[in-house]
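Quick notes on the structure that follows.
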Amino acid sequence: MRRAQTDTALWGIAGKAGYPVSCIAAALVLVISGFCYFVVRDVGSIGSSHAIASGPSTGAQNILLMGLESRRDWNGNILPPDILAALHAGSTQGVENGVGGNDTNTLILIHIPANGKKAVGFSIPRDDWVNFAGTVGPQQAGKIDQAYGVSMYYEQAKLRAQHPDMSQDQLAFLGNEAGRSAAVATVEKLTGVHIDHFAEVNLDGFYELAQVLGGVDVCLRHAVYDPNSGADFRAGYQHLDAAQALAFVRQRDGLPNGDLDRTHRQQAFLDAVLHQLRTDGVLSDLTKVQALLSVAKQYVITDSGWNLLDFAAQERSLTSGNITFRTLPIQGYATIGGQDANAVSPAYIKAIVHATFYPPPSPPSPPSPPAARHRATARSTVDVLNGGDTAGLAGRVSAALVSEGYRAGQVGNASYRAATTVSYGAGAAASASRIAAMFGVTATASASVAAGHVQILLGASATMPQISASATPSPAVVVPSTGPQGGAVSAQNGIPCVN
């Protein structure tokens, strides 16, 4: 049985080589659901998960698109050989006796701003070596794609021991829920931002969506041939059918930068599909829209608190094409724990993500003299409480702010929190706004904060910010445009050319 029951929300993705497409299809569904808000029953019946505590469906949001490598369906059944063959999903005798793993080998983190205009997405390379968060079992570090599979494996092992008669469907559901929770928490820990919502869709679903769309136009810088993925394309612009589209986004062998180039393929495909939706009248064709939503109901999972109808009114940045995709940088390649992995700097990644998602407001003009003006107005008292993992960070932040003319307030620890927040009492809005910009967040007024005070609650991912008002911006927060991760994928006529 290929279709999933939306009331159980069980999840699986066919084909180890096909995992990138789940992210593409998930993003596509966001656009479709936005334009089709009038099909209330269809949008509302998309499968849901309770793996995370959902955030708001309007305003600024961070959305994680995830894809697995499993060769099982949503109910835990191994996909039939004919389906694997049709999807060019690789040998049925691969990892785990042909079943594949359950790793999130593709992750795309998208930020949609409160004004609904300029959106940005970061692909997270699957081989980035990180410390896990929220995982089940003894393994607490590894490649970022392993957090899901590790938690799913140990959760299911525990459930089998405690409940020997538990059905396969229920094991699959609870195992995937544990995996989703761990994957989201690990991405939050690496990037330092809170994830409000997530979406998943399987390989078979992508194929069905691509068929409804009638394929897509792409552009390659060089001709490619890869029998492992089925990619056999000439250089230049060309139209791909659904099966060829799968091969396009699956290929990594034979590319100059391997899996990093594959992230660029995913990004280019998303750009091309969004361009097609805008220009080919797909979203004004009710028959085609209903066909797309029919596929979404069968294959897509989102967090249960995500109201796609509310989200639809705001997500113009996705449907207007005003979205930029990048790939998070790596420091280099390394062998860690006996595995080939990407060495990364979590502090550097946090700085890049914060600077990109939450850029500080433009300074007033003219800033004459900037340092003197800043010190003249920096008279608020600042309370700094540490709810994160870095010992002594509250004291260092407080001392740095005092050196800039702020008054020292309470310094101490707070209960654990995932993200940093800045709030202020009466009369401290200007100071709070400047301080919040240092952490890449937005300051909020709070009746619980004393007048003239700014309160900083440091989250688990907090790092020492750039404090000095007169200093030039740190080069660490500039998104790199060179190296194996490359720069932003850019499009001519909506169709980017990639390796």
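In the structure tokens, each chain is lettered A, B, ... as it comes, each chain's residues begin at 1, and ligands are numbered from 1 in order of appearance.
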message = Residues within 6 Å of segment 106-108 of chain A, please, as number ranges by chain. Count only C-alpha atoms; anything in the same chain fewer than 4 positions from it doesn't count.
response = A: 20, 64-67, 122-124, 126
Extract, using only C-alpha atoms, all DNA, RNA and protein residues at most 10 Å from Thr390 of chain A, discarding same-chain residues fewer than 3 positions from it, and format them as a PyMOL selection string. chain A and resi 386-387+393-394+458-464
- Any chance you could list, as number ranges by chain, the residues in segment 102-345 of chain A that come up helix (DSSP H, G or I) when DSSP is run on the backbone? A: 146-162, 168-191, 203-213, 242-250, 259-279, 282-284, 286-299, 308-312, 316-319
* **Exercise: Ala445 of chain A partners within 7 Å, only C-alpha atoms, chain neighbours under 6 positions left out, as a ChimeraX atom specification** => /A:423-425
Based on the selection just made, write C-alpha atoms of those residues as a PDB file, in the first residue's frame.
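What follows is the written file result-v4.pdb:
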ATOM      1  CA  SER A 423      12.991  42.649  26.363  1.00  0.00           C
ATOM      2  CA  TYR A 424      12.771  46.106  27.888  1.00  0.00           C
ATOM      3  CA  GLY A 425      10.860  48.283  30.292  1.00  0.00           C
TER       4      GLY A 425
END
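Remark: for Val184 of chain A, the closest of the candidate residues A:Ala355, A:Val212, A:Asn228, A:Ala147 is A:Ala147 (distances computed over only C-alpha atoms).
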TODO: Could you please determine the separation between atom CA of Ser345 of chain A and atom CA of Tyr154 of chain A in Å, to one decimal place?
DONE: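 Atom-to-atom, atom CA of Ser345 of chain A to atom CA of Tyr154 of chain A, that is 28.1 Å.
Shortest atom-to-atom contact with Gly305 of chain A among A:His111, A:His50, A:Lys288, A:Arg265: A:His50, counting only C-alpha atoms.
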Query - Counting only C-alpha atoms, the option among A:Lys350, A:Arg180, A:Arg262, A:Lys297 closest to Asn102 of chain A - result: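 For Asn102 of chain A, the nearest of the given residues is A:Arg180.
Pairwise distance (atom CA of Thr327 of chain A, atom CA of Leu213 of chain A) equals 26.4 Å.
Reported to one decimal place, the separation of atom CA of Gly258 of chain A from atom CA of Ala223 of chain A is 15.4 Å.
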